[in-house]
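Read through the structure below, which is laid out as structure tokens, and then see the notes.
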Amino acid sequence: MANREALRELQVRLASRLQAARSEGMSVAWLALRVGGKNLLFPLGQSGEIFPLASLQPVPYAREWFRGVLNIRGGLYGVVDLAGFIAADTGSERGEPPAQELTVVTLNIALEVNTALQVDGLLGLRGADAFVSSAPSEPGAPAYFGNQFRDTAGELWQEIDLRILSQTPQFLSISA
């Protein structure tokens with residue numbers, strides 16, 4: 001129960017910071033997340049809302065990374081285990097196991113895909129000023145991998161282009 005309250009408080013803080021960024025013109029550009037042991041950045045303009053993962057309905061004969069469907073405010077959203085999808089798409093290991101209290105981030109409605117991405121943790125908002133360097137994604141990386149950034153603590157962050165991800169044939173093909 002305390003985890004749900006903490007998630008709710010984080011959502012309120014993020015919403016107020018997003019509102020402040022819009023009204024004050026701050027340079028907040030990304031939603032920072034932890035997925036499969038990696039630091040990821042979702043562009044704010046492509047990200048939707050944040051919800052706790054609850055009442056998930058499994059879908060038979062779907063790929064392992066497609067967790068099922070979720071009713072969010074009366075709409076059905078397909079839930080994708082992002083770490084599992086990236087591991088399957090790149091042929092790598094999934095990384096750290098998911099946390100007990102999982103969260104989903106919906107894609108922006110402008111992308112016209114009712115999808116929620118399962119993430120392991122929310123790390124707040126980041127702007128360009130949070131990073132000391134950037135570089136293109138590694139050669140051979142999936143098309144939806146954007147730039148890589150390094151922060152002042154030396155940690156690596158991978159940007160995920162949700163628009164490209166939502167149009168990737170592998171992402172759209174959930175049948176096993």
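Following the order of the structure tokens, chains are lettered A, B, ..., residues in each are numbered from 1, and ligands are numbered from 1.
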All strand (DSSP E or B) residues (DSSP, backbone) inside chain A, as a ChimeraX atom specification: /A:28-35,38-43,47-52,57,62,66-72,75-81,103-107,115-119,121-127,131-135,145-151,156-160,175
Enumerate as a list in words all residues of region 43-148 of chain A assigned to helix (DSSP H, G or I) by DSSP on the backbone, naming them with the chain letters and numbers the document uses. Leu44, Gly45, Gln46, Leu82, Ala83, Gly84, Phe85, Ile86, Ala87, Ala88, Asp89, Thr90, Ile109, Ala110, Leu111, Ala128, Asp129 and Ala130 of chain A
Take the residues just selected and output them with N, CA and C atoms as a CSV table (one decimal), in the first residue's frame.
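And here is the file that came out, result09.csv:
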chain,number,residue,atom,x,y,z
A,44,LEU,N,9.2,13.5,-23.9
A,44,LEU,CA,7.9,13.9,-23.2
A,44,LEU,C,6.8,14.1,-24.2
A,45,GLY,N,7.1,14.6,-25.4
A,45,GLY,CA,6.1,14.8,-26.4
A,45,GLY,C,5.5,13.5,-27.0
A,46,GLN,N,6.2,12.4,-26.7
A,46,GLN,CA,5.7,11.1,-27.2
A,46,GLN,C,5.2,10.2,-26.1
A,82,LEU,N,8.7,-3.8,-21.9
A,82,LEU,CA,9.7,-3.1,-22.8
A,82,LEU,C,11.0,-3.8,-22.7
A,83,ALA,N,11.4,-4.2,-21.5
A,83,ALA,CA,12.7,-4.9,-21.4
A,83,ALA,C,12.7,-6.2,-22.1
A,84,GLY,N,11.6,-6.9,-22.0
A,84,GLY,CA,11.5,-8.2,-22.8
A,84,GLY,C,11.5,-8.0,-24.3
A,85,PHE,N,10.8,-6.9,-24.7
A,85,PHE,CA,10.7,-6.7,-26.1
A,85,PHE,C,12.1,-6.3,-26.7
A,86,ILE,N,12.8,-5.4,-26.0
A,86,ILE,CA,14.1,-5.0,-26.4
A,86,ILE,C,15.1,-6.2,-26.5
A,87,ALA,N,15.0,-7.0,-25.4
A,87,ALA,CA,15.9,-8.2,-25.4
A,87,ALA,C,15.6,-9.2,-26.6
A,88,ALA,N,14.3,-9.4,-26.9
A,88,ALA,CA,13.9,-10.2,-28.0
A,88,ALA,C,14.3,-9.6,-29.3
A,89,ASP,N,14.2,-8.3,-29.4
A,89,ASP,CA,14.5,-7.6,-30.7
A,89,ASP,C,16.0,-7.6,-31.0
A,90,THR,N,16.8,-7.4,-29.9
A,90,THR,CA,18.2,-7.3,-30.1
A,90,THR,C,19.0,-8.6,-29.9
A,109,ILE,N,-1.4,9.9,-27.2
A,109,ILE,CA,-2.5,9.6,-28.1
A,109,ILE,C,-2.2,10.0,-29.5
A,110,ALA,N,-1.3,11.0,-29.7
A,110,ALA,CA,-1.0,11.4,-31.1
A,110,ALA,C,-0.3,10.3,-31.9
A,111,LEU,N,0.2,9.4,-31.2
A,111,LEU,CA,0.9,8.2,-32.0
A,111,LEU,C,-0.1,7.2,-32.4
A,128,ALA,N,18.2,18.6,-21.1
A,128,ALA,CA,19.6,18.5,-21.7
A,128,ALA,C,20.7,18.9,-20.7
A,129,ASP,N,20.4,19.8,-19.8
A,129,ASP,CA,21.4,20.2,-18.8
A,129,ASP,C,21.8,19.2,-17.8
A,130,ALA,N,21.1,18.0,-17.8
A,130,ALA,CA,21.4,16.9,-16.9
A,130,ALA,C,22.5,16.1,-17.4
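Counting only C-alpha atoms and comparing A:Ala135, A:Ala143, A:Val80, A:Val12, the residue that lies closest to Val35 (chain A) is A:Val80.
The residue that comes closest to Phe51 (chain A), out of A:Gly121, A:Gly68, A:Gly91, A:Gly127 and on the basis of only C-alpha atoms, is A:Gly121.
Counting only C-alpha atoms and comparing A:Ser47, A:Gln148, A:Thr115, A:Ser137, the residue that lies closest to Ile72 (chain A) is A:Thr115.
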Closest of A:Ala116, A:Ala54, A:Leu41, A:Val132 to Thr152 (chain A) - atom-to-atom distances counting only C-alpha atoms: A:Val132
